[in-house]
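To keep things clear, I will list the structure first and then write my remarks on it.
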4 protein chains.
Amino acid sequence: MSVERLRIGVIGAGRIGRVHAEALTTRVPQAQVRVISDPVLESATTASRTFGIPDAVADHRDILARGDIDAVVICSPTDTHSQIICEAAAAGKHVFTEKPIDHDLGKIHAALAAVQKAKVTFQVGFNRRFDPNFERVAEQIREGRIGTPQLVRITSRDPSPPPLSYIKVSGGIFLDMTIHDFDMARFVIGDEVEEVFATGGALVDKAIGAAGDLDTAVVVLKYRGGAICTIDNCRQAVYGYDQRLEVLGTQGALLAENNTPTRTALWTKQSLQTPGPLHFFLERYMDSYVAEMRAFVRSVQEGSAPRVSGADGLQAVLLGLAATRSAREGRPVRMSELHPATGAAA
Amino acid sequence: MSVERLRIGVIGAGRIGRVHAEALTTRVPQAQVRVISDPVLESATTASRTFGIPDAVADHRDILARGDIDAVVICSPTDTHSQIICEAAAAGKHVFTEKPIDHDLGKIHAALAAVQKAKVTFQVGFNRRFDPNFERVAEQIREGRIGTPQLVRITSRDPSPPPLSYIKVSGGIFLDMTIHDFDMARFVIGDEVEEVFATGGALVDKAIGAAGDLDTAVVVLKYRGGAICTIDNCRQAVYGYDQRLEVLGTQGALLAENNTPTRTALWTKQSLQTPGPLHFFLERYMDSYVAEMRAFVRSVQEGSAPRVSGADGLQAVLLGLAATRSAREGRPVRMSELHPATGAAA
Amino acid sequence: MSVERLRIGVIGAGRIGRVHAEALTTRVPQAQVRVISDPVLESATTASRTFGIPDAVADHRDILARGDIDAVVICSPTDTHSQIICEAAAAGKHVFTEKPIDHDLGKIHAALAAVQKAKVTFQVGFNRRFDPNFERVAEQIREGRIGTPQLVRITSRDPSPPPLSYIKVSGGIFLDMTIHDFDMARFVIGDEVEEVFATGGALVDKAIGAAGDLDTAVVVLKYRGGAICTIDNCRQAVYGYDQRLEVLGTQGALLAENNTPTRTALWTKQSLQTPGPLHFFLERYMDSYVAEMRAFVRSVQEGSAPRVSGADGLQAVLLGLAATRSAREGRPVRMSELHPATGAAA
Amino acid sequence: MSVERLRIGVIGAGRIGRVHAEALTTRVPQAQVRVISDPVLESATTASRTFGIPDAVADHRDILARGDIDAVVICSPTDTHSQIICEAAAAGKHVFTEKPIDHDLGKIHAALAAVQKAKVTFQVGFNRRFDPNFERVAEQIREGRIGTPQLVRITSRDPSPPPLSYIKVSGGIFLDMTIHDFDMARFVIGDEVEEVFATGGALVDKAIGAAGDLDTAVVVLKYRGGAICTIDNCRQAVYGYDQRLEVLGTQGALLAENNTPTRTALWTKQSLQTPGPLHFFLERYMDSYVAEMRAFVRSVQEGSAPRVSGADGLQAVLLGLAATRSAREGRPVRMSELHPATGAAA
């Protein structure tokens with residue numbers, strides 16, 4: 001217990017900012033949140049009161065300027081991530097950023113270069129790697145329990161679509177929703193993808209199609225080592241937030257089923273009934289948010305590599321860009337087609 | 001294939017007689033049913049036509065008199081079992097009888113003596129021993145997979161009560177319904193019971209209580225070796241025929257869940273739904289009826305001990321009598337209190 | 001019961017021939033098998049003895065020439081199917097043929113024309129449509145229980161690869177193994193496929209790859225109505241024969257899990273253990289073989305449309321050809337590219 | 001948010017004291033723990049540092065004397081509960097006490113009288129009522145989802161026995177372990193017990209038997225309304241902490257299965273494997289400890305009746321005494337036999 005508590009500033013007091021602030025203040029004793037910022041000062045002030053954070057400011061640069069802050073947790077809008085990462089790195093702060101780093105490959109590379117130059121710890125918010133179910137699957141694969149992975153299957157479906165206004169600025173289903181699954185696909189197999197085939201439709205809401213996006217999508221990933229992963233996404237699964245994973249290997253298979261609010265059942269004349277999945281991501285992934293904060297704090301304190309690196313953040317965006325192109329052009333896209341700095345054809 | 005097919009006569013063409021006739025004629029190639037009898041000749045004739053059995057007779061003694069019959073399968077009313085067993089044994093026929101042998105201990109002993117004297121194979125119809133689920137549990141216990149059994153739990157509930165007219169002649173819930181569970185309790189543990197505590201009520205239908213019977217019952221059995229078994233019965237489980245078993249041992253536990261018509265699920269906004277248990281005993285236990293016939297035929301052909309003996313048939317009735325007494329007198333009853341020949345107080 | 005029993009000849013006494021002979025003789029009382037043929041006469045003779053079939057012949061034409069035969073069940077090698085279908089139709093026999101009708105589209109069309117001209121009942125052996133699990137899923141979709149289907153997922157994996165000698169003459173994984181899944185994909189959704197994307201590798205056994213085939217494959221089907229189906233196949237799933245199905249619709253989802261030999265569980269210090277899937281297709285699909293025979297007999301007797309038509313048989317082969325081409329060319333293939341009569345580019 | 005935070009002192013810094021201190025300080029924002037006491041001052045001091053509690057004292061009376069404390073949470077040894085309850089009530093503090101209130105009925109009655117006279121809120125620590133699984137079952141019974149309850153089944157088994165030294169001062173299995181199940185039996189049904197039959201043995205460890213206790217026990221409870229409950233306990237279930245519940249009613253059944261650390265499965269050649277139950281009570285019931293603290297704080301702040309009353313605490317002890325007597329005397333014991341003030345024969 002001789003380690004000092006990590007002094008943290010939270011940037012952004014929206015939904016995910018409050019999630020991290022609550023996790024850090026109540027369930028990460030190795031950290032102390034000293035300040036929270038939000039351009040809407042009242043949001044920051046309210047959060048500071050709710051979570052017992054001493055200071056609230058409007059401008060995140062007021063956090064970066066403080067000498068008593070070791071690290072920042074960036075929860076601002078996506079299009080501000082890369083700039084704040086660069087500023088924070090320049091100020092010598094360790095950085096945790098919400099995903100995605102950016103949708104623009106140039107900005108991602110700038111951010112990666114900044115944290116590398118500053119030699120600060122940099123972790124990207126792919127929280128699902130810290131979910132006990134998926135972590136256990138990955139762990140058992142690493143232990144060799146199923147031999148060499150051959151087929152991966154990721155199911156990732158939301159209970160209902162977000163507002164159309166959100167869809168329009170989301171970057172499209174592959175960069176907004178599937179991006180988590182791209183990271184999961186890399187995480188569990190530990191191999192890189194060679195080719196991406198994506199297809200889909202607007203089967204839930206035609207307005208989503210009219211906005212140029214898909215609400216139902218299937219992606220097939222071929223890994224360098226030969227394994228194949230299928231991802232299926234839908235913006236609407238009426239029975240709830242469906243987050244499952246299966247991996248077939250040469251010696252067995254691993255599965256992760258949905259978490260549910262209880263383990264109860266009701267048996268009636270009609271059927272045997274059990275509760276559906278935990279409703280949405282805050283319920284389902286709360287433990288993973290806490291675990292990723294703990295891991296970030298530990299990485300900084302121990303000087304160890306973060307469990308989700310900048311390179312991981314980059315790869316997920318590249319896969320999202322490849323899938324977007326595949327769906328548009330109706331053909332498989334090889335990752336080598338993407339110029340790593342721009343996502344444009346090489 | 002050098003073994004001759006066993007030549008069988010079926011006595012009784014009611015529901016269970018037809019079940020055995022169908023099993024024998026379609027799924028036991030080592031047997032041939034040559035004749036079926038029923039006091040209502042038309043029942044026998046219909047069955048003979050349905051199952052392709054050459055002869056139909058009214059009087060079972062016409063079967064026993066035939067030289068071309070090796071064995072009989074007794075499916076007549078319970079109160080005729082013991083006499084027919086004695087007659088069949090005297091005629092040198094091997095005997096399979098439906099359970100129970102009789103409700104009267106004196107008649108049971110007479111029947112057991114008759115088959116023993118005639119040195120014919122004698123098997124009692126506790127078909128549930130041949131159910132793949134329960135057989136697998138028993139087998140794994142024998143293999144030592146859970147160490148020494150400590151606690152057994154048998155759930156045995158019907159979907160709905162039989163007619164009151166049936167209840168009135170049934171011998172009471174413990175001799176009619178629990179008797180299967182008493183045999184199961186002995187089968188899976190392989191130890192004898194020392195003490196029986198039984199209690200219950202008429203919670204489904206007061207008319208059953210008015211008829212002097214129970215429709216809901218709990219029995220606690222203490223085995224000589226210390227293990228304890230609880231049985232719970234109910235004449236009505238609206239979700240279906242509930243037939244489950246659990247055994248806790250020093251090294252683990254074994255469970256048998258219900259069989260269902262399909263392994264499908266329907267996931268809706270309300271709940272995740274799966275189908276209830278197979279509706280009733282003909283659906284649930286059909287495979288076990290076939291297997292017990294095959295086992296009987298094999299026992300005769302190989303001259304091996306039957307898998308359910310006359311002693312097994314006797315013990316189940318003794319347990320039923322002890323439970324009846326326990327529930328009436330509101331106290332645990334030791335098996336040693338029962339005079340084995342009469343069931344009366346020693 | 002005024003309907004006469006259908007008089008059947010079975011052509012081919014290999015594994016699947018014996019399966020159908022046993023089903024027909026023991027579990028389809030509306031049929032009687034009068035004769036079985038096999039070029040290896042001894043195979044036919046043995047089967048006739050085993051199943052109590054009066055006659056055994058070497059040449060199937062001896063069956064077709066008989067006046068006392070109403071229908072034939074064709075279980076001969078695939079490359080003889082189309083010719084025997086034509087001969088049987090010409091002889092006025094109703095025809096059940098094992099799948100696939102043929103691998104050659106020209107021969108398929110000839111066979112379809114022959115049965116159409118002869119106005120005989122013609123059913124193709126896609127037995128999985130009769131599996132209680134899949135049938136229940138399809139039924140609930142028809143009932144509207146999940147609204148409009150959007151995503152289908154078929155898992156179909158064998159416990160271990162067949163001999164390499166079999167692989168070499170199998171027609172490739174898509175025509176040999178996936179063909180069942182193509183039929184299932186059409187069956188549950190009731191819509192036709194517009195585009196096929198297939199990919200895979202030889203991840204189980206390099207010798208399979210050297211023989212020009214795949215042992216692990218993923219197929220994505222886009223239906224005309226917009227729904228998307230993914231199929232994943234592997235020649236080896238060490239935990240057993242994996243046959244699952246999921247359908248997501250606008251109002252819910254339907255799932256079919258694997259059947260298992262028992263519903264037992266063993267709970268130990270290490271884990272809670274349940275038995276794997278029924279080992280292979282004879283165990284898993286036995287009930288479906290019986291049901292498809294019953295359905296065929298009923299179709300003939302009632303003059304109703306068969307539940308699996310010649311058109312169904314054709315479509316499955318077309319999908320197999322499209323998938324084969326897609327995997328070879330590394331691109332999605334539209335069904336309209338296939339000339340329906342030849343499978344060649346239009 | 002106008003409600004003041006409840007100012008709490010925790011009495012006892014042992015295992016359960018730390019559990020409540022952590023729950024209150026991190027997950028009950030409506031409360032603030034101002035002081036913790038323990039006769040071993042260092043334990044209190046360590047806890048105060050760990051959980052950020054301002055003060056630590058050795059003598060609980062130093063807590064009771066403070067004017068800035070509204071309520072106490074009693075986590076001291078069982079034999080001190082009743083006296084501290086009386087003292088706290090006299091000091092006008094609201095009281096939460098760990099279970100059991102006491103093993104001595106006279107002392108229980110004194111404690112109940114003291115809190116009643118002082119008109120303070122008094123809640124007893126039957127945390128399992130707050131477990132989401134059991135709460136959901138009880139809720140659905142109250143909603144009438146299964147009609148009138150008929151049969152209840154409670155499974156409550158520890159992963160391994162406590163040290164013999166603990167067994168010797170535990171009050172016996174019925175007062176130490178089954179007491180939770182007695183409360184659960186009352187909670188889910190909402191009816192009082194009329195008769196208790198208990199039996200058991202020392203099947204896990206003969207030394208437990210030599211110490212005059214049982215390690216395996218079965219209890220049958222008959223409720224006034226006719227329903228019957230069976231409880232089975234074992235000090236050792238090698239597969240883990242087994243906490244299940246089933247209720248059969250006239251219109252259906254409700255079940256609560258075990259919680260597990262993950263929802264993953266490993267499918268191998270041998271079997272399909274899933275993880276066993278959460279290992280022990282801290283893991284399994286952590287959420288319930290938080291929920292009971294929240295409920296206590298809310299009861300005090302709203303002046304509402306506590307969700308577990310002093311009468312509930314008394315009834316559970318009475319059932320434990322009745323079961324102890326039943327097992328000793330080998331007969332069912334009616335609750336009316338117990339003099340409510342002493343537990344002795346009336």
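Identifiers in the structure tokens: chain A, B, ... in order shown; residue index from 1 per chain; ligand index from 1 in order shown.
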For chain D, report every residue with an atom at most 9 Å from chain B (counting only C-alpha atoms), formatted as a PyMOL selection string.
chain D and resi 150-151+197+199-204+216-218+220+222+226-230+232+234+236-239+248-253+330-332
Apply DSSP to the backbone of this structure and, from stretch 28-210 of chain A, keep only the residues in alpha helix (DSSP H); write these as an MDAnalysis selection string.
chainID A and resid 41:51 60:64 78:90 105:118 132:142 164:168 173:176 178:189 206:210
I need the residues of stretch 129-244 of chain D that end up classed as strand (DSSP E or B) by DSSP on the backbone, written out as a ChimeraX atom specification.
/D:149-157,193-201,216-223,228-234,242-244
Mind checking which residues fall within 6 Å of stretch 160-175 of chain A, counting only C-alpha atoms, ignoring those fewer than 4 positions away in the same chain, and posting them as a ChimeraX atom specification?
/A:179,213,235-236,320
Could you turn the residues from that selection into a file that holds N, CA and C atoms, as a CSV table (one decimal), in the first residue's frame?
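Final output, out_22.csv:
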```csv
chain,number,residue,atom,x,y,z
A,179,ILE,N,-17.3,-1.7,-34.3
A,179,ILE,CA,-15.9,-1.4,-33.9
A,179,ILE,C,-15.6,-2.2,-32.6
A,213,ASP,N,-27.1,4.6,-44.0
A,213,ASP,CA,-26.5,3.6,-43.1
A,213,ASP,C,-27.2,2.3,-43.2
A,235,ARG,N,-29.4,-3.4,-35.1
A,235,ARG,CA,-29.7,-2.3,-34.2
A,235,ARG,C,-30.9,-2.5,-33.3
A,236,GLN,N,-31.6,-3.7,-33.6
A,236,GLN,CA,-32.8,-4.0,-32.8
A,236,GLN,C,-33.0,-5.5,-32.6
A,320,GLY,N,-13.0,-1.2,-39.4
A,320,GLY,CA,-14.3,-0.5,-39.6
A,320,GLY,C,-14.3,0.2,-41.0
```
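Counting from atom CA of D:Leu255, the distance to atom CA of D:Leu318 is 26.6 Å.
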Name all residues at most 12 Å from stretch 104-111 of chain B (count only C-alpha atoms; drop same-chain ones fewer than 4 positions away) and give them as a PyMOL selection string.
chain B and resi 78-90+95+97+99-100+115-118+120+122-124+171+175+310-321+338-344
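Picture a line from atom CA of C:Ala58 to atom CA of C:Pro29; it runs 26.0 Å.
What separates atom CA of A:Asp131 from atom CA of A:Asp183 is a distance of 13.1 Å.
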Near C:Leu6, within 9 Å and counting only C-alpha atoms, which residues show up once chain neighbours fewer than 4 positions away are dropped, as a ChimeraX atom specification?
/C:30-33,69-71,297,300-301
